[in-house]
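Participant: Dropping the structure in here first, questions after.
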Amino acid sequence: MTDYEHYEAVVVGCGPGGATAAKTLAEQGVETLVLERGTDAGAKNVSGGLLYGEQSAPYTFDDVFPGVRAEATERPVDDHYIHNIAGDTVKTFDLGKLHHHDTEWCDSVLRRTMDSWVAERVHEATRETGGGVLTDVHVNGLLREGGQIVGVTSEELDPIRADVIVAADGVNSELARDAGLMDWEEPEEWFQGVKAVVEMHPETINERFGLEEDEGDAHLFSGDLFDGVRGGGFLYTNESSLSIGTVFHLDSIADSGAEPHELLDSLLTHPLLEQWFDGEYHEREYSAKLVPDSKKVAHPSPHRGRLLLVGDAAGQMQAQGPVIKGMNHAVTAGGLAAEAIMEAKARGNPRSAGDLYEQKLYDEGVMAKLRPRRYRATHALSESDLVTGVGSRLLDSPVGTAGLKLFGGLLERAYNSPYLLGMIPDTRLTYVDVPTRIGEVLGTRVVDESEIDPPELDDRIGDLTYDVDDPHIELLDDSFEASGTAVTACPVSASGFGGGCYREETVTTNGTEEKKVSLDTQPCVECGTCAVVADTKWEHPGGGKGVEFEDG
Amino acid sequence: MHMVTLTKGVPDFREGKVSFDEEGHLERGKTPTVMNPNDKIALQAALQAKVRVGGRVSLMSMGPPGYKEVLQEGMEDVYADDLYLLSDREMGAADTWATAMTISTGLAMFDEEPDLIFAGFKTADGETGHTGPQTNWCIDINDELTDRPIITHVISLDIDEEERTVRAKRLVEGDISEIETVEADLPAFIVTDPEFEPSYRRAEYRLRYKDLREDAEERAEALDPEEDITVWDHEDLNLDPDFIGLDGSPTIVAGVDPIPKGPDEREATMIDPSDDSEMDSVFQELAAYAGGD
């Protein structure tokens, strides 16, 4: 047996899920090593981001990390609205009831600030056990012996053995894929989020949003402003910035050929937002990430051998209608994974940790939130083209219009129903047609005109910080048929734009023209979109290499 | 394990820091003094040894009192444990010979004789590369210190504490560069190559390194240069002033000439690349050299 280092637990990734697992393990004296690939925890992480503390959850972030809300989150968010948009008419619904349903607290967060604060506490706790947190380490696979998972491999360190491995390495988890538990096959299973962090003075935020100090707002946007692409926009107030972004079904982006940065610009330049910008716009950071649609990909049995998946790595991201909850579930999963590991250890059978973890996810109701039965019951029927088509025509009909006028109040209540939102189908009808008709029929005209001019894509790329490594993505098939979708769907590429990751090229060979795709990974924001929509061999850059988010 | 790294303060030659007068002479007063960059590499090698096998790293320099800042830099940037400065007027203007004599005497002052002594390849100002090897020669003739093998151009280093050996890879530059692996008994003298790369392939090493960084940051912040840096003058070292400093230096610097600069103005003929006849004249001009003459 090779003389590799050994730790009782290795946690890969120091986001909310990994941090919670590691701190909980360390507090019980489990020797825990945390390996994080960013130069700093949070440097590789992007969230919308609202972090919820749910009343029903066995773990909340502030329980695990006392002081995190005071020290490392942005603003407590109490008010939540959705704006149904049709052209320049808008009908706003208050989502307060939905927002406060099962909510102990909700804070806006920027991941670099929060995760790095948390990682310091994790390091203190894990160091006591003989472990600790190491940054700049890219764990790229599982160490196996005799076909069994016995540890992890990384670029920067010799292989490490562990009694148990917690993979909290994010939506593009290489460990989950190495174990065969997750894949990048179906665009239908993913959302793509794109975000701009916009600088704004705290007092200006308070004045323009009507807030007091330590108060925050959340706004969602849907309707006809995104060219029919299924998804919507968000705006959250941070302490001295706004997080503004869009989240769309990846299959919808891929099929429509829409450019993600242009969809974001459609939101930024909508006249409704002028009331908050007042002609001033300073974009601090542009970022993107894949978001798993837990209804389809939350792994029902997220473990294999000594490996337990936590958070995004296991697809644990809940889209509760327009409200997306991910980090809170990662926290809970991290806590439950730690509990399971300790119980398994106490029984003298560390390998039983996975089964115990799975049981806890069901017993604590986490899986019921991530994969609601109501959705499973309804989506087969309601996502058929026939039903969508009939629904859309009905909405446009005089009967539909009259219904909207009559039942506008009921609609607002429906938007606030967690029960109904758990079963809404992923169709154009719900994402685009209904909000647009609500905006048309019930909305009022916005009088402002947008005066802002968002940065061009090359400026957005240029403002990001990179430490370039060898290319981390290999284009396996450069034909346009196989990989051409990446040219538009990649958030840092665009048709006719030469400075992005993916470019369309016409190659003439012996007089025959052929459309090809070329790749330059230098401006990559590591979202993983191209792993799904193109034929690539995808992995993360080396530890501390690649893009580094300042806000995240 | 006791490791000592030798260092020198040199002018900060980085662009924006260094200052020259109109005649091209270095303006010493306007140029900050920093730790010689190659010595930082040597200190990193010592730090690597400490991280892997434990012990303490002392940093020693010879120079004016202002070099205390250089030593502090070594503690802040490369986490040296304790700092020593050999300093008084008698030691001033020493050549490499007198420096080596003085430093080897300083090395004999430690209660715990150094297991490993590290020096950088050469200094950014003197560029001789002599001081390290000469110091080891002086150790050989110093009865208070154990003779030790010297390994130069070291690019990687492994220590076997139990066997009391050091295994090093050295970069041997000749017609082609070769990497030679050598092994020596401790104690030993190591001169690092600028290509030396510390290697921390085990998580435990990186965790210890992180601990040391936090510890060194605290120590560097709390450091009182007057109290916490040990200063030894020639009397402490029991050295005869005739054998150190300028008086003990056989080297005579006869003069310093600036390196001639290329002419500021050269004749140039602008060519429009789209003008065929102009481009043709370029080809005609170059054709004369095409034969390789």
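Letters A, B, ... mark the chains of the structure tokens in the order given; residue numbers begin at 1 per chain; ligand numbers begin at 1, in order shown.
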Segment 530-535 of chain A: which residues within 12 Å, counting only C-alpha atoms, same-chain residues fewer than 6 positions away excluded, as a ChimeraX atom specification?
Facilitator: /A:171-174,177,182-192,250-255,257,289-290,292,472-493,501-502,517-519,521,524
Participant: List as a count of residues only the protein and nucleic acid residues near Val154 of chain B, meaning an atom at most 10 Å away when only C-alpha atoms are counted, but skip any in the same chain fewer than 2 places from it.
Facilitator: 26
Participant: Excluding Ala125 of chain A and residues on its chain fewer than 5 positions from it, collect all residues at most 9 Å away from it, counting only C-alpha atoms, and give them as a ChimeraX atom specification.
Facilitator: /A:22-24,26-27,120,131-132
Participant: Kindly export the residues of the current selection with N, CA and C atoms, as a PDB file, in the first residue's frame.
Facilitator:
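Now in part05.pdb:
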ATOM      1  N   ALA A  22     -17.677  20.481   7.257  1.00  0.00           N
ATOM      2  CA  ALA A  22     -16.353  20.463   7.883  1.00  0.00           C
ATOM      3  C   ALA A  22     -16.408  20.963   9.325  1.00  0.00           C
ATOM      4  N   LYS A  23     -17.123  22.064   9.528  1.00  0.00           N
ATOM      5  CA  LYS A  23     -17.150  22.621  10.899  1.00  0.00           C
ATOM      6  C   LYS A  23     -17.879  21.664  11.832  1.00  0.00           C
ATOM      7  N   THR A  24     -18.971  21.080  11.348  1.00  0.00           N
ATOM      8  CA  THR A  24     -19.737  20.150  12.184  1.00  0.00           C
ATOM      9  C   THR A  24     -18.903  18.924  12.521  1.00  0.00           C
ATOM     10  N   ALA A  26     -15.587  18.786  12.566  1.00  0.00           N
ATOM     11  CA  ALA A  26     -14.461  19.178  13.414  1.00  0.00           C
ATOM     12  C   ALA A  26     -14.898  19.352  14.859  1.00  0.00           C
ATOM     13  N   GLU A  27     -16.105  19.882  15.033  1.00  0.00           N
ATOM     14  CA  GLU A  27     -16.591  20.098  16.402  1.00  0.00           C
ATOM     15  C   GLU A  27     -16.798  18.776  17.146  1.00  0.00           C
ATOM     16  N   GLU A 120     -12.311  30.997   7.285  1.00  0.00           N
ATOM     17  CA  GLU A 120     -11.394  31.242   8.413  1.00  0.00           C
ATOM     18  C   GLU A 120     -11.859  30.486   9.648  1.00  0.00           C
ATOM     19  N   GLY A 131      -6.479  18.635  10.944  1.00  0.00           N
ATOM     20  CA  GLY A 131      -6.726  18.969   9.537  1.00  0.00           C
ATOM     21  C   GLY A 131      -6.589  20.457   9.323  1.00  0.00           C
ATOM     22  N   GLY A 132      -7.459  21.004   8.481  1.00  0.00           N
ATOM     23  CA  GLY A 132      -7.417  22.430   8.195  1.00  0.00           C
ATOM     24  C   GLY A 132      -7.987  22.706   6.821  1.00  0.00           C
TER      25      GLY A 132
END
Participant: Could you list, as a tab-separated table (two decimals) with N, CA and C atoms, in the first residue's frame, every residue of chain A that has an atom within 7 Å of an atom of chain B, counting only C-alpha atoms?
Facilitator:
chain	number	residue	atom	x	y	z
A	132	GLY	N	-7.46	21.00	8.48
A	132	GLY	CA	-7.42	22.43	8.19
A	132	GLY	C	-7.99	22.71	6.82
A	134	LEU	N	-7.16	24.12	3.09
A	134	LEU	CA	-6.13	24.50	2.12
A	134	LEU	C	-6.79	25.06	0.87
A	156	GLU	N	-2.16	19.44	-7.19
A	156	GLU	CA	-1.12	20.08	-6.39
A	156	GLU	C	-0.53	19.20	-5.31
A	157	LEU	N	-1.26	18.16	-4.91
A	157	LEU	CA	-0.80	17.32	-3.80
A	157	LEU	C	-0.72	15.87	-4.25
A	158	ASP	N	0.06	15.09	-3.52
A	158	ASP	CA	0.04	13.65	-3.72
A	158	ASP	C	-1.34	13.13	-3.30
Participant: Can you tell me how far atom CA of Gly315 of chain A sits from atom CA of Asp102 of chain A, in Å to one decimal?
Facilitator: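 According to the coordinates, atom CA of Gly315 of chain A and atom CA of Asp102 of chain A are separated by 21.5 Å.
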Participant: Using the chain letters and numbers from this document, which residues of segment 427-484 of chain A does DSSP assign to strand (DSSP E or B), as a list of chain:residue names?
Facilitator: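 Of segment 427-484 of chain A, the ones in strand (DSSP E or B) are A:Thr444, A:Arg445, A:Thr465, A:Tyr466, A:Asp467, A:Ile473, A:Glu474, A:Leu475, A:Ser479.
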Participant: If we count only C-alpha atoms and set the cut-off at 12 Å, which residues sit around segment 271-273 of chain B, ignoring sequence neighbours fewer than 6 positions away in its own chain? Please answer as number ranges by chain.
Facilitator: B: 279-283
Participant: So which residues touch Glu274 of chain A within 7 Å, counting only C-alpha atoms, skipping near sequence neighbours fewer than 2 positions away, as an mmCIF file with C-alpha atoms, in the first residue's frame?
Facilitator:
data_model
loop_
_atom_site.group_PDB
_atom_site.id
_atom_site.type_symbol
_atom_site.label_atom_id
_atom_site.label_comp_id
_atom_site.auth_asym_id
_atom_site.auth_seq_id
_atom_site.Cartn_x
_atom_site.Cartn_y
_atom_site.Cartn_z
ATOM 1 C CA PRO A 271 -37.206 51.347 -18.210
ATOM 2 C CA LEU A 272 -38.512 49.819 -14.963
ATOM 3 C CA TRP A 276 -33.085 52.686 -9.308
ATOM 4 C CA PHE A 277 -30.228 53.566 -11.661
ATOM 5 C CA ASP A 278 -31.187 57.183 -12.352
ATOM 6 C CA GLY A 279 -28.800 57.217 -15.305
ATOM 7 C CA ASP A 448 -39.033 56.515 -17.289
ATOM 8 C CA GLU A 449 -36.707 55.815 -20.157
ATOM 9 C CA SER A 450 -33.554 53.834 -19.644
#
Participant: For a test of reading the model, state the distance in Å between atom CA of His130 of chain B and atom CA of Leu237 of chain B, rounded to one decimal.
Facilitator: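 Distance reported for this atom pair: 22.0 Å.
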Participant: Write out as number ranges by chain which residues come within 10 Å of Thr96 of chain B when counting only C-alpha atoms, dropping same-chain ones fewer than 4 positions away.
Facilitator: B: 100-102, 126, 128-135, 245, 249-251
Participant: Keeping only C-alpha atoms, write the selected residues as a tab-separated table (two decimals), in the first residue's frame.
Facilitator:
chain	number	residue	atom	x	y	z
B	100	ALA	CA	33.13	35.37	4.42
B	101	MET	CA	35.59	35.62	7.31
B	102	THR	CA	33.20	37.73	9.35
B	126	GLY	CA	27.99	42.47	-6.59
B	128	THR	CA	30.17	37.61	-7.81
B	129	GLY	CA	28.55	34.47	-6.43
B	130	HIS	CA	31.65	34.06	-4.22
B	131	THR	CA	30.42	34.80	-0.73
B	132	GLY	CA	28.56	31.54	-0.12
B	133	PRO	CA	31.35	29.15	-1.18
B	134	GLN	CA	34.01	31.36	0.47
B	135	THR	CA	32.07	31.30	3.71
B	245	GLY	CA	36.09	45.30	6.47
B	249	SER	CA	39.81	43.03	1.83
B	250	PRO	CA	42.42	42.04	-0.73
B	251	THR	CA	40.19	43.13	-3.60
Participant: Do a neighbour search on Pro159 of chain A at 7 Å with only C-alpha atoms, toss out local chain neighbours closer than 3 positions, and write the hits as JSON, numbers by chain.
Facilitator: {"A": [4, 143, 152, 153, 154]}
